[in-house]
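Each remark here refers to the structure printed beneath this line.
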Amino acid sequence: MFSIQTKNLKKHFDGVYAVDDLSIKIETGQITSIIGPNGSGKTTLINTLSGLLEIDGGLVVIEESEKLSKITPHEIPSFGITRTFQNIHLFEQMTILDNILVVLTDRQVFRAIFETHQTFHLKIAEEVLTRVGLWEKRGQLAVNLSYGQRKLLEIARALAMDAKIYLLDEPFAGLFPEMVKIISGIIKELKQESKTVILIEHDMGLIRELSDYVFVLDSGKLLAEGKPSEVLAKREVIEAYLGE
Amino acid sequence: MNIIPQIVANSLIAGSIYALIALGFNLVYGATRFVNMVPGALAAIGGYTVFFLFNRLGLNIYFSVIAGVVVAGFFGYLSDRLVFRKLRSHKASNLVSFVASLGIFTMLQALISILFTSQFQSVLSVTENPKTYQILGATFTWVQGLIFITSIAAFVSLALILKKTSFGKAVRAVSDDEEVSKIIGINTNRLISWIFFIGSCLIGLSGIFIGFDIGINPTMGLFIILEGATASIIGGIGNVYGGFLGAFLLGFVENFGILKIPGEWKPAIAFGLLILFLIFKPEGIMNKKK
Ligand SMILES: Nc1ncnc2c1ncn2[C@@H]1O[C@H](COP(=O)(O)OP(=O)(O)OP(=O)(O)O)[C@@H](O)[C@H]1O
Ligand SMILES: [Mg+2]
């Protein structure tokens with residue numbers, strides 16, 4: 001079973017082919033890493049999958065049933081997809097707690113007007129914020145958090161979405177070892193819960209430790225795929241990284 | 001006779017009207033991040049709707065006011081559905097959006113002039129508004145009292161909705177980061193159109209109140225946007241609480257200012273204050289420095 005497949009997916013910016021005729025299949029319930037040198041199109045791929053960028057060609061197939069050539073971003077939660085951002089995006093002027101509550105409560109215009117959050121919303125918020133160690137700080141504005149805490153809050157928000165498919169764009173970048181540990185623990189737990197994780201990462205140690213399968217991109221094209229130990233040993237992969 | 005109480009009362013009444021404008025202006029600005037001229041014209045539309053229903057057709061005043069508010073809100077909603085939503089989807093620059101809003105603003109103003117002439121009209125004559133009250137040496141009419149109470153009530157309900165309800169969280173979320181709002185499942189286009197509706201209702205109400213207090217003419221919108229923008233920038237642009245504060249500060253500074261200098265200088269006082277803020281505290285009273 002595949003949770004996401006791309007078929008000849010294309011995304012270009014003027015002359016740059018950021019995602020170039022890419023066909024990959026992401027197995028459900030596994031941790032799949034997407035690696036590649038800077039500018040190889042990893043973030044663009046995720047932006048296209050989450051609807052933030054329009055698809056210029058090809059298809060995205062979700063859960064082997066939804067064939068999409070156009071993805072509307074606010075509909076991706078209904079496909080069970082959520083994501084984090086390489087350049088962290090939070091609701092800066094809202095408290096940590098509200099950053100989580102806003103995804104738990106109703107987001108439909110009319111149903112939301114008189115709805116306030118309930119005890120069970122707070123319970124879930126407590127659970128996800130405790131998991132990343134931010135519950136004690138719940139009253140603080142997001143803008144006042146440290147870089148590492150911001151990364152953790154973004155993960156917590158993704159957890160609160162209770163999705164089936166998690167697209168994580170460099171969740172470990174720039175973090176201290178103890179925070180890396182928290183997040184890699186969460187990713188392993190997601191796998192135990194049979195969730196699908198798509199992980200963009202540069203650290204080869206973490207890729208070996210976490211991923212079941214790896215896709216290597218170079219200039220928007222698929223350079224190699226396979227089990228981490230095999231892929232990372234391939235000459236063209238090593239060259240692509242050294243050649244930047 | 002001590003004139004200070006009267007000036008305080010005048011400041012509060014002016015502040016109340018500015019507060020309604022600033023609330024509407026900040027809601028829309030917060031969600032879209034460009035200076036939108038359309039609400040100015042919507043204030044005139046609110047005022048003229050009441051003028052038409054109440055003065056021309058002789059309908060009930062309360063009904064006319066509610067109709068005026070809703071008509072203004074509806075035009076605001078429509079401006080987003082037909083124009084600004086399209087511009088957002090093209091990722092149009094703020095300048096382009098501003099110019100588009102200026103175009104709609106001018107069109108609506110022209111439409112009002114064609115329908116009602118460009119003459120100044122008073123909505124309530126003195127005979128319809130005879131009752132005055134006195135508190136602590138200040139005299140004010142019941143309409144002025146109503147303006148004050150309504151603006152406080154509008155602010156309190158808006159603040160409660162924004163703080164407490166899921167809708168309010170979604171509004172704050174969209175104003176904060178539209179991209180993530182989409183990713184978490186908020187239909188941002190739909191929400192922003194409704195923010196336009198609510199903001200335009202508030203501005204429409206301010207236009208109606210100006211009609212009651214002073215009178216209306218088709219070009220009143222420019223003044224309204226300028227006062228609204230000034231109050232918002234002083235208070236912290238895009239910040240609903242700041243706008244409310246800025247509105248009353250503006251009301252006080254203007255009214256105490258003309259104590260010593262001729263009344264013609266009132267707008268100059270407002271813009272003097274604006275320029276001082278732009279130079280020394282551009283983020284306004286309530287916004288944090290980035
Ligand atoms: N919005 C955009 N407009 C124009 N070009 C873009 C845009 N986004 C990405 N690109 C270009 O597309 C290519 C792929 O960029 P992308 O960000 O997807 O790479 P990446 O693999 O995520 O790199 P990194 O490891 O540095 O995060 C680059 O050449 C980049 O300059
Ligand atoms: Mg990237």
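How things are named: the first chain in the structure tokens is A, the next is B, and so on; residues count from 1 in each chain; ligands count from 1 in the order shown.
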Near ligand 1, 6 Å: chain A residue rows, closest pairs, only C-alpha atoms and all ligand atoms, as a Markdown table:
```
| residue | atom | partner | partner_atom_place_in_ligand_line | distance |
| --- | --- | --- | --- | --- |
| A:Phe13 | CA | ligand 1 | 4 (C) | 4.9 |
| A:Ala18 | CA | ligand 1 | 12 (O) | 4.3 |
| A:Pro37 | CA | ligand 1 | 25 (O) | 5.8 |
| A:Asn38 | CA | ligand 1 | 25 (O) | 3.6 |
| A:Gly39 | CA | ligand 1 | 19 (O) | 3.3 |
| A:Ser40 | CA | ligand 1 | 21 (O) | 3.9 |
| A:Gly41 | CA | ligand 1 | 18 (O) | 3.2 |
| A:Lys42 | CA | ligand 1 | 21 (O) | 3.8 |
| A:Thr43 | CA | ligand 1 | 22 (O) | 3.6 |
| A:Thr44 | CA | ligand 1 | 18 (O) | 3.6 |
```
Check: which chain B residues lie within 12 Å of chain A using only C-alpha atoms, as a compact mmCIF listing (two decimals) with C-alpha atoms, in the first residue's frame:
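Below you can see part-v4.txt, which holds the result:
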```txt
# COMPACT_ATOMS: atom_id res chain seq x y z
CA GLY B 30 -4.75 42.37 9.80
CA SER B 89 -4.51 34.21 -5.72
CA HIS B 90 -2.17 36.05 -8.12
CA LYS B 91 -0.03 37.09 -5.14
CA SER B 157 -17.89 41.79 21.80
CA LEU B 158 -15.22 41.78 19.12
CA LEU B 160 -14.36 38.47 23.33
CA ILE B 161 -15.00 36.75 20.00
CA LEU B 162 -11.34 37.07 19.00
CA LYS B 163 -10.05 35.85 22.33
CA LYS B 164 -12.51 33.14 23.25
CA THR B 165 -14.08 31.53 20.21
CA SER B 166 -12.66 29.14 17.65
CA PHE B 167 -13.68 31.64 14.99
CA GLY B 168 -11.59 34.28 16.75
CA LYS B 169 -8.59 31.96 16.87
CA ALA B 170 -8.96 31.31 13.16
CA VAL B 171 -9.14 35.05 12.45
CA ARG B 172 -6.00 35.65 14.50
CA ALA B 173 -4.33 32.72 12.78
CA VAL B 174 -5.06 34.04 9.28
CA SER B 175 -3.85 37.50 10.26
CA ASP B 176 -0.67 35.96 11.64
CA ASP B 177 0.32 33.47 8.94
CA GLU B 178 -1.95 32.76 6.02
CA GLU B 179 0.13 29.86 4.70
CA VAL B 180 0.04 27.76 7.88
CA SER B 181 -3.61 28.66 8.34
CA LYS B 182 -4.28 26.89 5.07
CA ILE B 183 -2.15 23.90 6.02
CA ILE B 184 -4.12 23.38 9.23
CA GLY B 185 -7.35 23.37 7.23
CA ILE B 186 -8.69 26.91 7.40
CA ASN B 187 -10.42 27.94 4.19
CA THR B 188 -8.62 31.27 4.31
CA ASN B 189 -10.37 32.84 1.33
CA ARG B 190 -13.76 32.19 2.80
CA LEU B 191 -12.69 33.41 6.23
CA ILE B 192 -11.14 36.60 4.83
CA SER B 193 -14.35 37.40 2.94
CA TRP B 194 -16.24 37.17 6.23
CA ILE B 195 -13.65 39.33 7.93
CA GLY B 238 -3.50 45.37 12.49
CA ASN B 239 -3.96 45.22 16.27
CA MET B 286 0.38 47.98 21.27
CA ASN B 287 2.59 46.21 18.73
CA LYS B 288 5.95 44.75 19.68
CA LYS B 289 9.02 45.93 17.84
CA LYS B 290 10.03 43.30 15.32
```
message: So that I can see what lies close to Ile203 of chain B, please list as a PyMOL selection string the residues with an atom at most 12 Å from it, counting only C-alpha atoms and leaving out residues fewer than 2 positions away in the same chain.
response: chain B and resi 16-28+37-47+68-76+151+154+196-201+205-210+221+224-225+227-228
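You can rank A:Lys221, A:His202, A:Lys123, A:Lys181 by their closest distance to ligand 2 using only C-alpha atoms and all ligand atoms, and at the top of that list sits A:His202.
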- prompt: Counting only C-alpha atoms, what is within 10 Å of His12 of chain A, bar same-chain residues fewer than 4 positions away, as a count of residues only?
  reply: 12
